[in-house]
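Student: First the structure, which I've put down as structure tokens, then a few questions once you've had a look.
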Amino acid sequence: MTEGSTSNRSFLMFLRNRYLFVDLLRAAALSAMTGMTVFNTFLSPDYNGEFFFRLLHYAISLAAPAFMVISGFVFVVSSQGRLDELRRFSGYSRHKLWRIALILLVAYSIHLPFFSFRTMLTQASPSDIKNIYNVDVLQCIAAGLLILLAGRRLTKSDRIFRFFTITMSLVFTLPAPFLWNTDFSRFIPLPLACYFNEIHGSHFPLFPWAGFIFAGATLAVYYLKARETFNEKDFIRKLSIFGITSYLICFIIISVVNRYAWFQLDPSPLFFLERFGVITLLLCACWLYYRRTGAEAGFFVDAGRQSLVVYWLHLQIITSRLWNGRSLSAIAGGTLGIAECLIATFILLAAMMTTAHVWGIIKQDNPGLAKKIFLTTICGSVILFLIR
């Protein structure tokens, strides 16, 4: 290992440690998303009406938007010092594009009904094929990051880029209620139509969910400006006030209008603003934790940085037909109690976080080996899928 490579890695670690509060929230959101998958898959319908379940479901429902906010935030922070490279089609710019392409590849691979191209051609039903097109968290993030990348490449000033991120936040949130019940497959191909709303089974279409990505990017722009002017503490204080205010106002309004049949919560801008308010409060709490404790990155945060690995792996364990041709979701779906789901979540998280932590160590200590393992895994999986 050369002295230069060691120095570069040390500098990168320094930059990452400056934003530990973001990594902490990302790890927490990833854990909650894992819990959401476990509970949605295995919890018995008998528990749906219990207060604890409703409270837990609300907490877990914050996971996806929090993850999206963090994705937009991290994109802006990580590219801030390399804007010239990003605007040229340099190695860094290609790396960003490759990363987005990888997220899309993983996203659609999760939806494959069979890990065999031949079996898909002969046994996949129309509903199986339709399910491949459905847009989940990763597809939404990839599309949002691609738009962010284009915006960052085309804008030369932070002021214009800030205007761009705010505008895109509004573009994806305000029209959502009007687009929610429109069947876009009448105008465009179904794989693209699934990005607009939930009509064909998408759980996280761009409207309104991509708004969280651009809101996170906007947050990062203001945060970086506060750091440059040594006003970080004041920024966090104002952000906390914004979070509390937006949550309370939206909560009161939703409590009133939710009684009417015409009101749809998910696509409503009130839904977006309420959850964004809570997420900003959680982000401020994570910042305050590191500010007061001076803690360093631990196992939980380090493992959470390998979010794509954790997300893909936990879904494979639950949904893939690995157990005598059956998946765990098919074997035990809808049969567990709350306590059993909590235990299953803890066991799954422990296994996923350990795997991600080991992978993170390999990437840090031997990036060449990590790259070979990664490329071999990707190429091998594609070849295996095509020849099976």
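So you can find residues: chains in the structure tokens are A, B, ... in the order shown, residues in each start at 1, and ligands are numbered from 1 in order.
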Listing only residues of region 166-241 of chain A within 8 Å of region 254-272 of chain A, what is the closest atom pair and its distance in Å (to one decimal) for each, using only C-alpha atoms, sorted by chain and residue number ascending, as JSON lines?

Tutor:
{"residue": "A:Thr173", "atom": "CA", "partner": "A:Pro269", "partner_atom": "CA", "distance": 5.7}
{"residue": "A:Leu174", "atom": "CA", "partner": "A:Pro269", "partner_atom": "CA", "distance": 5.9}
{"residue": "A:Ala176", "atom": "CA", "partner": "A:Pro267", "partner_atom": "CA", "distance": 5.2}
{"residue": "A:Pro177", "atom": "CA", "partner": "A:Pro267", "partner_atom": "CA", "distance": 5.1}
{"residue": "A:Trp180", "atom": "CA", "partner": "A:Pro267", "partner_atom": "CA", "distance": 6.8}
{"residue": "A:Phe207", "atom": "CA", "partner": "A:Pro267", "partner_atom": "CA", "distance": 7.2}
{"residue": "A:Pro208", "atom": "CA", "partner": "A:Pro267", "partner_atom": "CA", "distance": 5.9}
{"residue": "A:Trp209", "atom": "CA", "partner": "A:Phe272", "partner_atom": "CA", "distance": 8.0}
{"residue": "A:Gly211", "atom": "CA", "partner": "A:Phe272", "partner_atom": "CA", "distance": 7.8}
{"residue": "A:Phe212", "atom": "CA", "partner": "A:Phe272", "partner_atom": "CA", "distance": 7.6}

Student: If we count only C-alpha atoms, what is near Tyr92 (chain A) at a cut-off of 9 Å, once residues fewer than 6 positions away on the same chain are taken out, given as an MDAnalysis selection string?

Tutor: chainID A and resid 82 85:86

Student: Given only C-alpha atoms as the basis, pick out the residue of A:Cys194, A:Ile362, A:Gly337, A:Val301 nearest to Ala29 (chain A).

Tutor: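 Looking at the shortest contact to Ala29 (chain A), the residue is A:Val301.
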
Student: Identify, on the basis of only C-alpha atoms, every residue whose closest approach to His203 (chain A) does not exceed 9 Å; exclude the query and any residue fewer than 6 positions from it along the same chain; express the result as a ChimeraX atom specification.

Tutor: /A:134-137,197

Student: Export, as a compact mmCIF listing (two decimals), in the first residue's frame, the selected residues with all heavy atoms.

Tutor:
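Saved to selection.txt:
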# COMPACT_ATOMS: atom_id res chain seq x y z
N ASN A 134 -42.73 -2.48 -11.32
CA ASN A 134 -43.13 -1.67 -10.18
C ASN A 134 -41.95 -0.89 -9.59
O ASN A 134 -40.84 -1.41 -9.49
CB ASN A 134 -43.75 -2.54 -9.08
CG ASN A 134 -45.12 -3.06 -9.48
OD1 ASN A 134 -45.73 -2.55 -10.42
ND2 ASN A 134 -45.60 -4.08 -8.80
N VAL A 135 -42.22 0.35 -9.20
CA VAL A 135 -41.19 1.24 -8.70
C VAL A 135 -41.18 1.21 -7.17
O VAL A 135 -42.18 1.54 -6.53
CB VAL A 135 -41.41 2.68 -9.21
CG1 VAL A 135 -40.41 3.64 -8.59
CG2 VAL A 135 -41.32 2.71 -10.72
N ASP A 136 -40.03 0.81 -6.60
CA ASP A 136 -39.85 0.81 -5.16
C ASP A 136 -38.81 1.87 -4.78
O ASP A 136 -38.45 2.72 -5.60
CB ASP A 136 -39.43 -0.58 -4.67
CG ASP A 136 -40.61 -1.53 -4.59
OD1 ASP A 136 -41.74 -1.06 -4.37
OD2 ASP A 136 -40.41 -2.75 -4.76
N VAL A 137 -38.31 1.77 -3.56
CA VAL A 137 -37.42 2.80 -3.03
C VAL A 137 -36.20 3.02 -3.92
O VAL A 137 -35.84 4.16 -4.25
CB VAL A 137 -36.97 2.43 -1.60
CG1 VAL A 137 -35.93 3.42 -1.10
CG2 VAL A 137 -38.15 2.41 -0.65
N ASN A 197 -47.40 6.90 -10.50
CA ASN A 197 -48.31 6.71 -9.37
C ASN A 197 -48.42 5.23 -9.02
O ASN A 197 -47.70 4.40 -9.57
CB ASN A 197 -49.70 7.31 -9.66
CG ASN A 197 -50.28 6.80 -10.97
OD1 ASN A 197 -50.17 5.62 -11.30
ND2 ASN A 197 -50.90 7.69 -11.74

Student: Please list as an NGL selection string every residue within 7 Å of region 65-72 of chain A, counting only C-alpha atoms and excluding residues in the same chain fewer than 3 positions away.

Tutor: :A and (22 or 26 or 29 or 62 or 75-76 or 141 or 212-217 or 279)

Student: Which distance in Å separates CA of Phe117 (chain A) and CA of Ser381 (chain A), to one decimal?

Tutor: 11.6 Å

Student: Env of region 185-190 of chain A: 10 Å cut, atoms = only C-alpha atoms, seq-sep filter 3 positions within chain, self excluded. Answer as a list in words.

Tutor: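 Everything that qualifies: Lys130, Tyr133, Asn134, Thr182, Ala193, Cys194, Tyr195, Phe196, Ile199 and His200 of chain A.
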
Student: Quick check, in Å to one decimal: how far apart do CA of Asp183 (chain A) and CA of Leu112 (chain A) lie?

Tutor: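 A separation of 23.6 Å between them.
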
Student: Work out how far apart CA of Phe242 (chain A) and CA of Gly144 (chain A) are and give it in Å to one decimal.

Tutor: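 Here the two named atoms are 24.1 Å from each other.
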
Student: Compile the contact shell of region 109-111 of chain A as a list in words: residues with an atom at most 9 Å away, counting only C-alpha atoms, same-chain residues fewer than 6 positions apart removed.

Tutor: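 Near neighbours after the sequence-gap exclusion: Asp128, Ile129, Asn131, Ile132, Tyr133, Asn134, Trp312, Leu315, Gln316, Thr319 and Ser320 of chain A.
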
Student: Would you please work out which residue, of A:Met353, A:Val74, A:Gly201, A:Leu281, is nearest to Tyr19 (chain A) when using only C-alpha atoms?

Tutor: A:Val74

Student: In terms of the shortest atom-to-atom distance over only C-alpha atoms, which of A:Met120, A:Ile236, A:Ile249, A:Cys140 is closest to Ala64 (chain A)?

Tutor: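 Comparing A:Met120, A:Ile236, A:Ile249, A:Cys140 against Ala64 (chain A), the winner is A:Cys140.
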
Student: Find, counting only C-alpha atoms, the residue in A:Met33, A:Gln364, A:Ser78, A:Asn181 that gets nearest to Leu56 (chain A).

Tutor: A:Met33
